[in-house]
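One file, structure-v1.cif, is given below (mmCIF, C-alpha atoms; chains and numbers go by the auth columns).
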data_data
loop_
_atom_site.group_PDB
_atom_site.id
_atom_site.type_symbol
_atom_site.label_atom_id
_atom_site.label_comp_id
_atom_site.label_asym_id
_atom_site.label_seq_id
_atom_site.Cartn_x
_atom_site.Cartn_y
_atom_site.Cartn_z
_atom_site.B_iso_or_equiv
_atom_site.auth_seq_id
_atom_site.auth_asym_id
ATOM 1 C CA MET A 1 90.332 81.202 113.546 0.00 1 A
ATOM 2 C CA VAL A 2 93.667 79.617 114.334 0.00 2 A
ATOM 3 C CA ILE A 3 95.869 81.147 116.970 0.00 3 A
ATOM 4 C CA ASP A 4 99.529 80.619 116.301 0.00 4 A
ATOM 5 C CA PHE A 5 101.725 80.911 119.366 0.00 5 A
ATOM 6 C CA SER A 6 105.001 80.766 117.519 0.00 6 A
ATOM 7 C CA THR A 7 107.341 83.711 117.528 0.00 7 A
ATOM 8 C CA TYR A 8 106.689 84.507 113.897 0.00 8 A
ATOM 9 C CA TYR A 9 103.204 85.745 114.553 0.00 9 A
ATOM 10 C CA ASP A 10 102.150 88.736 116.491 0.00 10 A
ATOM 11 C CA LEU A 11 99.944 87.272 119.189 0.00 11 A
ATOM 12 C CA PRO A 12 98.665 90.535 120.743 0.00 12 A
ATOM 13 C CA SER A 13 97.342 91.693 117.385 0.00 13 A
ATOM 14 C CA GLN A 14 95.659 88.347 116.833 0.00 14 A
ATOM 15 C CA ILE A 15 93.876 88.627 120.156 0.00 15 A
ATOM 16 C CA ASP A 16 92.898 92.171 119.253 0.00 16 A
ATOM 17 C CA ARG A 17 91.426 90.837 116.066 0.00 17 A
ATOM 18 C CA ILE A 18 89.272 88.323 117.928 0.00 18 A
ATOM 19 C CA PHE A 19 87.837 91.091 120.078 0.00 19 A
ATOM 20 C CA GLU A 20 87.277 93.279 117.049 0.00 20 A
ATOM 21 C CA GLU A 21 85.411 90.445 115.427 0.00 21 A
ATOM 22 C CA MET A 22 83.107 90.264 118.434 0.00 22 A
ATOM 23 C CA SER A 23 82.541 93.976 118.718 0.00 23 A
ATOM 24 C CA LYS A 24 81.436 94.365 115.127 0.00 24 A
ATOM 25 C CA PRO A 25 78.139 96.184 114.970 0.00 25 A
ATOM 26 C CA LEU A 26 75.203 93.885 114.556 0.00 26 A
ATOM 27 C CA TYR A 27 73.336 96.053 112.129 0.00 27 A
ATOM 28 C CA PHE A 28 75.680 95.175 109.297 0.00 28 A
ATOM 29 C CA THR A 29 74.702 91.526 109.467 0.00 29 A
ATOM 30 C CA GLN A 30 73.582 91.488 105.880 0.00 30 A
ATOM 31 C CA ARG A 31 76.986 92.576 104.671 0.00 31 A
ATOM 32 C CA ARG A 32 78.652 90.123 102.274 0.00 32 A
ATOM 33 C CA VAL A 33 75.389 88.411 101.490 0.00 33 A
ATOM 34 C CA SER A 34 74.963 90.133 98.172 0.00 34 A
ATOM 35 C CA TYR A 35 77.112 92.457 96.155 0.00 35 A
ATOM 36 C CA PRO A 36 77.341 95.441 96.203 0.00 36 A
ATOM 37 C CA PRO A 37 76.430 96.382 99.768 0.00 37 A
ATOM 38 C CA ILE A 38 73.761 99.059 99.754 0.00 38 A
ATOM 39 C CA ASN A 39 72.228 101.513 102.157 0.00 39 A
ATOM 40 C CA ILE A 40 68.748 102.869 101.736 0.00 40 A
ATOM 41 C CA CYS A 41 67.293 105.817 103.569 0.00 41 A
ATOM 42 C CA GLU A 42 64.343 108.033 102.871 0.00 42 A
ATOM 43 C CA ASP A 43 62.696 111.254 103.847 0.00 43 A
ATOM 44 C CA ASP A 44 59.331 112.703 102.946 0.00 44 A
ATOM 45 C CA LYS A 45 60.232 113.498 99.367 0.00 45 A
ATOM 46 C CA ASN A 46 63.236 111.396 98.375 0.00 46 A
ATOM 47 C CA ILE A 47 64.709 107.961 98.578 0.00 47 A
ATOM 48 C CA TYR A 48 68.488 107.776 98.837 0.00 48 A
ATOM 49 C CA VAL A 49 70.314 104.654 97.784 0.00 49 A
ATOM 50 C CA SER A 50 74.054 104.355 98.200 0.00 50 A
ATOM 51 C CA ALA A 51 76.245 101.449 97.210 0.00 51 A
ATOM 52 C CA GLU A 52 79.874 100.588 97.770 0.00 52 A
ATOM 53 C CA ILE A 53 81.322 99.825 94.348 0.00 53 A
ATOM 54 C CA PRO A 54 85.030 100.620 94.534 0.00 54 A
ATOM 55 C CA GLY A 55 87.102 100.502 91.400 0.00 55 A
ATOM 56 C CA VAL A 56 84.267 100.882 88.922 0.00 56 A
ATOM 57 C CA ASP A 57 83.746 104.007 86.849 0.00 57 A
ATOM 58 C CA ILE A 58 80.286 105.513 86.803 0.00 58 A
ATOM 59 C CA ASP A 59 80.175 104.943 83.035 0.00 59 A
ATOM 60 C CA ASN A 60 80.477 101.220 83.599 0.00 60 A
ATOM 61 C CA VAL A 61 77.579 101.053 86.007 0.00 61 A
ATOM 62 C CA GLU A 62 74.200 100.524 84.476 0.00 62 A
ATOM 63 C CA LEU A 63 71.218 101.896 86.341 0.00 63 A
ATOM 64 C CA THR A 64 67.774 100.868 85.250 0.00 64 A
ATOM 65 C CA LEU A 65 64.599 102.147 86.746 0.00 65 A
ATOM 66 C CA THR A 66 61.685 99.930 85.978 0.00 66 A
ATOM 67 C CA ASP A 67 58.238 99.875 87.375 0.00 67 A
ATOM 68 C CA GLY A 68 58.763 99.463 91.086 0.00 68 A
ATOM 69 C CA SER A 69 62.417 98.536 91.089 0.00 69 A
ATOM 70 C CA LEU A 70 65.872 99.960 90.643 0.00 70 A
ATOM 71 C CA VAL A 71 68.554 97.765 89.136 0.00 71 A
ATOM 72 C CA ILE A 72 72.275 98.361 89.631 0.00 72 A
ATOM 73 C CA LYS A 73 74.366 96.405 87.200 0.00 73 A
ATOM 74 C CA GLY A 74 78.029 96.378 86.321 0.00 74 A
ATOM 75 C CA GLU A 75 81.235 94.506 86.120 0.00 75 A
ATOM 76 C CA ARG A 76 84.369 94.511 88.200 0.00 76 A
ATOM 77 C CA LYS A 77 87.425 93.555 86.272 0.00 77 A
ATOM 78 C CA SER A 78 90.253 91.653 87.871 0.00 78 A
ATOM 79 C CA GLU A 79 93.873 92.593 87.415 0.00 79 A
ATOM 80 C CA SER A 80 96.315 90.423 85.568 0.00 80 A
ATOM 81 C CA GLY A 81 99.329 88.950 87.258 0.00 81 A
ATOM 82 C CA LYS A 82 100.338 86.115 89.493 0.00 82 A
ATOM 83 C CA TYR A 83 97.984 86.164 92.438 0.00 83 A
ATOM 84 C CA TYR A 84 99.156 85.475 95.964 0.00 84 A
ATOM 85 C CA ARG A 85 95.951 86.555 97.570 0.00 85 A
ATOM 86 C CA GLN A 86 92.606 87.413 96.080 0.00 86 A
ATOM 87 C CA GLU A 87 89.870 88.747 98.301 0.00 87 A
ATOM 88 C CA ARG A 88 88.313 91.438 96.191 0.00 88 A
ATOM 89 C CA ALA A 89 85.220 90.366 94.348 0.00 89 A
ATOM 90 C CA SER A 90 85.379 90.420 90.580 0.00 90 A
ATOM 91 C CA GLY A 91 82.991 89.696 87.782 0.00 91 A
ATOM 92 C CA ASN A 92 79.498 90.763 86.930 0.00 92 A
ATOM 93 C CA PHE A 93 77.175 91.994 89.603 0.00 93 A
ATOM 94 C CA GLN A 94 73.569 93.002 89.737 0.00 94 A
ATOM 95 C CA ARG A 95 71.379 94.144 92.532 0.00 95 A
ATOM 96 C CA ILE A 96 67.671 94.805 92.396 0.00 96 A
ATOM 97 C CA ILE A 97 66.125 97.191 94.863 0.00 97 A
ATOM 98 C CA THR A 98 62.381 97.022 95.198 0.00 98 A
ATOM 99 C CA LEU A 99 60.795 100.393 95.661 0.00 99 A
ATOM 100 C CA ASN A 100 57.500 100.298 97.435 0.00 100 A
ATOM 101 C CA VAL A 101 56.495 103.793 96.419 0.00 101 A
ATOM 102 C CA PRO A 102 56.140 105.266 92.942 0.00 102 A
ATOM 103 C CA VAL A 103 59.090 107.459 91.938 0.00 103 A
ATOM 104 C CA ASP A 104 59.439 110.199 89.403 0.00 104 A
ATOM 105 C CA PRO A 105 61.493 108.641 86.567 0.00 105 A
ATOM 106 C CA ASP A 106 62.640 112.065 85.305 0.00 106 A
ATOM 107 C CA ASN A 107 64.063 113.085 88.646 0.00 107 A
ATOM 108 C CA VAL A 108 66.831 110.627 89.346 0.00 108 A
ATOM 109 C CA SER A 109 70.380 111.660 90.029 0.00 109 A
ATOM 110 C CA ALA A 110 73.412 109.453 90.507 0.00 110 A
ATOM 111 C CA ALA A 111 76.965 110.333 91.407 0.00 111 A
ATOM 112 C CA MET A 112 80.045 108.324 92.205 0.00 112 A
ATOM 113 C CA LYS A 113 82.587 109.514 94.726 0.00 113 A
ATOM 114 C CA ASN A 114 85.527 107.533 96.097 0.00 114 A
ATOM 115 C CA GLY A 115 83.923 104.291 95.047 0.00 115 A
ATOM 116 C CA VAL A 116 80.564 105.021 96.626 0.00 116 A
ATOM 117 C CA LEU A 117 77.600 105.399 94.343 0.00 117 A
ATOM 118 C CA ASN A 118 74.902 107.763 95.547 0.00 118 A
ATOM 119 C CA ILE A 119 71.501 107.697 93.929 0.00 119 A
ATOM 120 C CA ALA A 120 68.707 110.071 94.797 0.00 120 A
ATOM 121 C CA LEU A 121 65.203 109.223 93.667 0.00 121 A
ATOM 122 C CA THR A 122 62.310 111.605 94.027 0.00 122 A
ATOM 123 C CA LYS A 123 59.054 110.150 95.161 0.00 123 A
ATOM 124 C CA ALA A 124 56.102 110.768 92.881 0.00 124 A
ATOM 125 C CA GLU A 125 54.021 113.824 93.645 0.00 125 A
ATOM 126 C CA GLU A 126 51.002 111.921 94.893 0.00 126 A
ATOM 127 C CA THR A 127 52.932 110.267 97.709 0.00 127 A
ATOM 128 C CA HIS A 128 54.102 113.511 99.291 0.00 128 A
ATOM 129 C CA PRO A 129 52.443 114.083 102.613 0.00 129 A
ATOM 130 C CA LYS A 130 49.987 116.952 102.479 0.00 130 A
ATOM 131 C CA LYS A 131 48.734 119.148 105.195 0.00 131 A
ATOM 132 C CA ILE A 132 45.016 119.511 105.360 0.00 132 A
ATOM 133 C CA ASP A 133 43.670 122.626 106.886 0.00 133 A
ATOM 134 C CA ILE A 134 40.696 122.187 109.106 0.00 134 A
ATOM 135 C CA SER A 135 38.433 125.116 108.996 0.00 135 A
ATOM 136 C CA LEU A 136 36.380 125.876 111.960 0.00 136 A
ATOM 137 C CA SER A 137 32.745 126.230 111.261 0.00 137 A
ATOM 138 C CA MET B 1 90.822 99.223 139.141 0.00 1 B
ATOM 139 C CA THR B 2 91.099 102.919 139.593 0.00 2 B
ATOM 140 C CA GLN B 3 92.693 103.425 136.248 0.00 3 B
ATOM 141 C CA GLU B 4 90.513 105.186 133.800 0.00 4 B
ATOM 142 C CA ILE B 5 89.784 103.274 130.678 0.00 5 B
ATOM 143 C CA ILE B 6 90.967 105.172 127.658 0.00 6 B
ATOM 144 C CA LYS B 7 88.439 104.788 124.934 0.00 7 B
ATOM 145 C CA LYS B 8 89.911 104.978 121.493 0.00 8 B
ATOM 146 C CA ASP B 9 87.744 105.781 118.510 0.00 9 B
ATOM 147 C CA THR B 10 84.324 104.242 118.578 0.00 10 B
ATOM 148 C CA LEU B 11 84.231 103.532 114.861 0.00 11 B
ATOM 149 C CA PRO B 12 84.017 99.872 113.936 0.00 12 B
ATOM 150 C CA HIS B 13 87.135 98.403 112.358 0.00 13 B
ATOM 151 C CA PHE B 14 87.070 96.654 109.039 0.00 14 B
ATOM 152 C CA ASN B 15 89.630 94.525 107.305 0.00 15 B
ATOM 153 C CA PRO B 16 89.600 95.827 103.756 0.00 16 B
ATOM 154 C CA ASP B 17 89.567 93.268 100.956 0.00 17 B
ATOM 155 C CA SER B 18 92.931 93.107 99.270 0.00 18 B
ATOM 156 C CA ASP B 19 94.545 91.483 96.287 0.00 19 B
ATOM 157 C CA ILE B 20 98.253 90.811 96.232 0.00 20 B
ATOM 158 C CA LEU B 21 99.787 89.957 92.923 0.00 21 B
ATOM 159 C CA GLU B 22 103.151 89.767 91.319 0.00 22 B
ATOM 160 C CA ARG B 23 104.124 91.104 87.947 0.00 23 B
ATOM 161 C CA GLU B 24 107.477 91.278 86.316 0.00 24 B
ATOM 162 C CA ASP B 25 108.276 94.697 87.729 0.00 25 B
ATOM 163 C CA GLY B 26 107.232 93.966 91.287 0.00 26 B
ATOM 164 C CA PHE B 27 104.326 93.376 93.611 0.00 27 B
ATOM 165 C CA HIS B 28 101.002 95.129 93.430 0.00 28 B
ATOM 166 C CA ILE B 29 98.541 95.368 96.281 0.00 29 B
ATOM 167 C CA PHE B 30 95.008 96.428 95.471 0.00 30 B
ATOM 168 C CA MET B 31 92.758 97.347 98.333 0.00 31 B
ATOM 169 C CA ASP B 32 89.085 98.244 98.384 0.00 32 B
ATOM 170 C CA LEU B 33 88.635 101.387 100.432 0.00 33 B
ATOM 171 C CA PRO B 34 85.258 102.748 99.399 0.00 34 B
ATOM 172 C CA GLY B 35 84.445 106.190 100.689 0.00 35 B
ATOM 173 C CA VAL B 36 87.955 106.997 101.883 0.00 36 B
ATOM 174 C CA ASN B 37 89.310 110.416 100.971 0.00 37 B
ATOM 175 C CA ARG B 38 92.958 110.880 100.129 0.00 38 B
ATOM 176 C CA GLU B 39 93.488 112.912 103.293 0.00 39 B
ATOM 177 C CA ASP B 40 92.097 110.127 105.469 0.00 40 B
ATOM 178 C CA LEU B 41 94.387 107.453 104.122 0.00 41 B
ATOM 179 C CA VAL B 42 97.609 106.818 106.028 0.00 42 B
ATOM 180 C CA ILE B 43 100.305 104.454 104.832 0.00 43 B
ATOM 181 C CA ASP B 44 103.013 103.734 107.362 0.00 44 B
ATOM 182 C CA LEU B 45 106.154 101.741 106.786 0.00 45 B
ATOM 183 C CA LYS B 46 108.056 100.703 109.882 0.00 46 B
ATOM 184 C CA GLU B 47 111.032 98.511 109.153 0.00 47 B
ATOM 185 C CA ASN B 48 109.296 95.866 107.071 0.00 48 B
ATOM 186 C CA GLU B 49 105.812 96.267 108.451 0.00 49 B
ATOM 187 C CA LEU B 50 103.444 98.168 106.210 0.00 50 B
ATOM 188 C CA GLU B 51 100.310 99.508 107.859 0.00 51 B
ATOM 189 C CA ILE B 52 97.445 101.006 105.949 0.00 52 B
ATOM 190 C CA THR B 53 94.734 102.877 107.802 0.00 53 B
ATOM 191 C CA GLY B 54 91.785 104.662 106.333 0.00 54 B
ATOM 192 C CA LYS B 55 88.767 106.317 107.819 0.00 55 B
ATOM 193 C CA VAL B 56 85.368 106.786 106.324 0.00 56 B
ATOM 194 C CA GLU B 57 82.549 108.789 107.794 0.00 57 B
ATOM 195 C CA TYR B 58 79.189 109.148 106.190 0.00 58 B
ATOM 196 C CA ALA B 59 77.239 112.181 107.245 0.00 59 B
ATOM 197 C CA LYS B 60 73.719 111.317 108.151 0.00 60 B
ATOM 198 C CA LYS B 61 71.170 113.156 106.095 0.00 61 B
ATOM 199 C CA GLU B 62 68.954 115.244 108.234 0.00 62 B
ATOM 200 C CA GLN B 63 65.328 114.314 108.640 0.00 63 B
ATOM 201 C CA SER B 64 65.757 111.072 106.813 0.00 64 B
ATOM 202 C CA LYS B 65 65.303 107.692 108.324 0.00 65 B
ATOM 203 C CA ASP B 66 67.329 104.610 107.553 0.00 66 B
ATOM 204 C CA VAL B 67 65.457 101.833 105.857 0.00 67 B
ATOM 205 C CA HIS B 68 68.183 99.316 105.209 0.00 68 B
ATOM 206 C CA LEU B 69 71.865 99.396 106.139 0.00 69 B
ATOM 207 C CA GLU B 70 74.708 97.229 104.955 0.00 70 B
ATOM 208 C CA PHE B 71 77.684 99.501 105.401 0.00 71 B
ATOM 209 C CA GLY B 72 78.581 102.608 107.276 0.00 72 B
ATOM 210 C CA SER B 73 81.230 104.701 108.871 0.00 73 B
ATOM 211 C CA GLY B 74 84.277 102.863 110.005 0.00 74 B
ATOM 212 C CA ALA B 75 88.004 102.538 110.053 0.00 75 B
ATOM 213 C CA TYR B 76 89.936 100.311 107.722 0.00 76 B
ATOM 214 C CA VAL B 77 93.117 98.770 109.085 0.00 77 B
ATOM 215 C CA ARG B 78 95.397 96.311 107.414 0.00 78 B
ATOM 216 C CA ARG B 79 99.002 95.276 107.958 0.00 79 B
ATOM 217 C CA PHE B 80 101.411 93.586 105.624 0.00 80 B
ATOM 218 C CA THR B 81 104.911 92.303 106.097 0.00 81 B
ATOM 219 C CA ILE B 82 107.169 93.300 103.274 0.00 82 B
ATOM 220 C CA SER B 83 109.845 90.901 102.091 0.00 83 B
ATOM 221 C CA ASP B 84 113.462 91.864 101.546 0.00 84 B
ATOM 222 C CA THR B 85 113.108 91.612 97.807 0.00 85 B
ATOM 223 C CA VAL B 86 111.109 94.838 97.782 0.00 86 B
ATOM 224 C CA ASP B 87 112.778 98.189 97.363 0.00 87 B
ATOM 225 C CA ALA B 88 111.122 100.015 100.270 0.00 88 B
ATOM 226 C CA GLU B 89 112.310 103.420 99.051 0.00 89 B
ATOM 227 C CA LYS B 90 110.339 103.203 95.831 0.00 90 B
ATOM 228 C CA ILE B 91 106.924 102.119 97.083 0.00 91 B
ATOM 229 C CA LYS B 92 104.216 104.048 95.299 0.00 92 B
ATOM 230 C CA ALA B 93 100.563 104.418 96.206 0.00 93 B
ATOM 231 C CA THR B 94 97.614 105.703 94.240 0.00 94 B
ATOM 232 C CA LEU B 95 93.990 106.027 95.272 0.00 95 B
ATOM 233 C CA LYS B 96 91.359 106.035 92.576 0.00 96 B
ATOM 234 C CA ASN B 97 87.634 105.363 92.752 0.00 97 B
ATOM 235 C CA GLY B 98 87.942 103.938 96.236 0.00 98 B
ATOM 236 C CA VAL B 99 90.654 101.459 95.296 0.00 99 B
ATOM 237 C CA MET B 100 94.174 101.914 96.530 0.00 100 B
ATOM 238 C CA GLU B 101 96.991 100.520 94.469 0.00 101 B
ATOM 239 C CA LEU B 102 100.334 99.980 96.121 0.00 102 B
ATOM 240 C CA PHE B 103 103.246 99.282 93.865 0.00 103 B
ATOM 241 C CA LEU B 104 106.177 97.581 95.520 0.00 104 B
ATOM 242 C CA PRO B 105 109.046 97.394 93.058 0.00 105 B
ATOM 243 C CA LYS B 106 111.533 94.605 93.358 0.00 106 B
ATOM 244 C CA ALA B 107 114.980 95.498 94.564 0.00 107 B
ATOM 245 C CA ALA B 108 117.657 95.398 91.901 0.00 108 B
ATOM 246 C CA LYS B 109 119.205 92.317 93.435 0.00 109 B
ATOM 247 C CA ALA B 110 115.968 90.380 93.163 0.00 110 B
ATOM 248 C CA ILE B 111 115.444 90.927 89.462 0.00 111 B
ATOM 249 C CA PRO B 112 116.484 87.800 87.590 0.00 112 B
ATOM 250 C CA LYS B 113 119.461 88.252 85.334 0.00 113 B
ATOM 251 C CA LYS B 114 120.404 86.333 82.298 0.00 114 B
ATOM 252 C CA ILE B 115 123.874 84.928 82.332 0.00 115 B
ATOM 253 C CA GLN B 116 125.708 84.794 79.098 0.00 116 B
ATOM 254 C CA ILE B 117 127.569 81.637 78.393 0.00 117 B
ATOM 255 C CA GLN B 118 130.728 82.180 76.542 0.00 118 B
ATOM 256 C CA ALA B 119 131.719 79.651 73.988 0.00 119 B
ATOM 257 C CA GLU B 120 135.234 78.486 74.064 0.00 120 B
#

Write out the structure in this file as structure tokens.
Amino acid sequence: MVIDFSTYYDLPSQIDRIFEEMSKPLYFTQRRVSYPPINICEDDKNIYVSAEIPGVDIDNVELTLTDGSLVIKGERKSESGKYYRQERASGNFQRIITLNVPVDPDNVSAAMKNGVLNIALTKAEETHPKKIDISLS
Amino acid sequence: MTQEIIKKDTLPHFNPDSDILEREDGFHIFMDLPGVNREDLVIDLKENELEITGKVEYAKKEQSKDVHLEFGSGAYVRRFTISDTVDAEKIKATLKNGVMELFLPKAAKAIPKKIQIQAE
């Protein structure tokens, strides 16, 4: 990072930015490694996968559930015009999520809201934890 | 050091990815703001400084545990300096699918004009 001390640049905000850079939470370290960024969480019965895919319609996202993995595939189109700055990723993307538990292929729901894709997968019946009653003899 | 430290919001700040491009009618700024609702997006124009702030908060699902995280709640902040060639009164913003589009039309004086040459 270059600090410019000339009057054209707002120095306080640049210093703020350096501190912001340092205070970034460490748990997002994998951000920007692969596209799109995803979050995975699970409970006893479901696996929830969410992905940040702004600017893409749900119809243009291809979700494939194969044996043991979920594939998110799509394309981000770039706008036409004379570019001064281009930071947003564009082009084809694909992300494979390995699922370590069997899921019910008929019970998958996906919804897109504000550029965030939410997928809920139901774990297969046999993986649900079961309570075993112990009978006293 | 008796002054109490005022803690602002604890959300991490992100610099949203932006594209700036020029078309014949003016400048377009596209900004990725995934998860931001329309109500949480604030666009401020002070003199020629344009500030865009957005907030996103993901509710944690109860009784679920996180396996892998790459994004989360946060605040998006980005500032732009607008040139004089932009008509500040006619700036338009739309938010769709987590992408904000800002349209900055050129001021009438900045639009190139053809000059007719009269033959003698």

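Across the structure, atom CA of Gly74 of chain A and atom CA of Gly74 of chain B are spaced 25.3 Å apart.
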
**Message:** So that I can see what lies close to Thr85 of chain B, please list as a PyMOL selection string the residues with an atom at most 6 Å from it, counting all atoms listed in the file and leaving out residues fewer than 2 positions away in the same chain.
**Reply:** chain B and resi 83+106-107+110

Chain and number of each residue from the PyMOL selection byres ((chain A) within 6 of (chain B)), as a short mmCIF file (atom, residue, chain, number, x, y, z; two decimals) with C-alpha atoms, in the coordinates of the input:
data_model
loop_
_atom_site.label_atom_id
_atom_site.label_comp_id
_atom_site.auth_asym_id
_atom_site.auth_seq_id
_atom_site.Cartn_x
_atom_site.Cartn_y
_atom_site.Cartn_z
CA PHE A 28 75.68 95.18 109.30
CA GLN A 30 73.58 91.49 105.88
CA ARG A 31 76.99 92.58 104.67
CA PRO A 37 76.43 96.38 99.77
CA ILE A 38 73.76 99.06 99.75
CA ASN A 39 72.23 101.51 102.16
CA ILE A 40 68.75 102.87 101.74
CA CYS A 41 67.29 105.82 103.57
CA GLU A 42 64.34 108.03 102.87
CA ASP A 43 62.70 111.25 103.85
CA PRO A 54 85.03 100.62 94.53
CA GLY A 55 87.10 100.50 91.40
CA GLY A 81 99.33 88.95 87.26
CA LYS A 82 100.34 86.12 89.49
CA TYR A 83 97.98 86.16 92.44
CA TYR A 84 99.16 85.48 95.96
CA ARG A 85 95.95 86.56 97.57
CA GLN A 86 92.61 87.41 96.08
CA GLU A 87 89.87 88.75 98.30
CA ARG A 88 88.31 91.44 96.19
CA ASN A 114 85.53 107.53 96.10
CA GLY A 115 83.92 104.29 95.05
CA VAL A 116 80.56 105.02 96.63
#

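In this structure, atom CA of Arg76 of chain A sits 19.6 Å away from atom CA of Ile97 of chain A.
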
Taking all listed atoms of segment 130-137 of chain A, build the axis-aligned box, pad each of the six sides by 4 Å, then write its centre and edge lengths in Å to one decimal as lines of an AutoDock Vina configuration file.
center_x = 41.4
center_y = 121.6
center_z = 107.2
size_x = 25.2
size_y = 17.3
size_z = 17.5

**Request:** List the residues matched by the PyMOL selection byres ((chain A and resi 65) around 12) in the displayed structure as an MDAnalysis selection string, ordered by chain and then by residue number.
**Result:** chainID A and resid 62:64 66:73 95:99 102:109 119 121

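Distances here use only C-alpha atoms; by that measure, the residue among B:Thr81, B:Gln118, B:Ser73, B:Thr53 closest to Asp10 of chain A is B:Thr81.
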
**Request:** Work out how far apart atom CA of Ile53 of chain A and atom CA of Leu117 of chain A are and give it in Å to one decimal.
**Result:** 6.7 Å

Would you translate the PyMOL selection byres ((chain A and resi 92) around 7) into the concrete set of residues it matches in this file, as a short mmCIF file (atom, residue, chain, number, x, y, z; two decimals) with C-alpha atoms, in the coordinates of the input?
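selection_11.cif written:
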data_model
loop_
_atom_site.label_atom_id
_atom_site.label_comp_id
_atom_site.auth_asym_id
_atom_site.auth_seq_id
_atom_site.Cartn_x
_atom_site.Cartn_y
_atom_site.Cartn_z
CA GLY A 74 78.03 96.38 86.32
CA GLU A 75 81.24 94.51 86.12
CA ARG A 76 84.37 94.51 88.20
CA SER A 90 85.38 90.42 90.58
CA GLY A 91 82.99 89.70 87.78
CA PHE A 93 77.18 91.99 89.60
CA GLN A 94 73.57 93.00 89.74
#
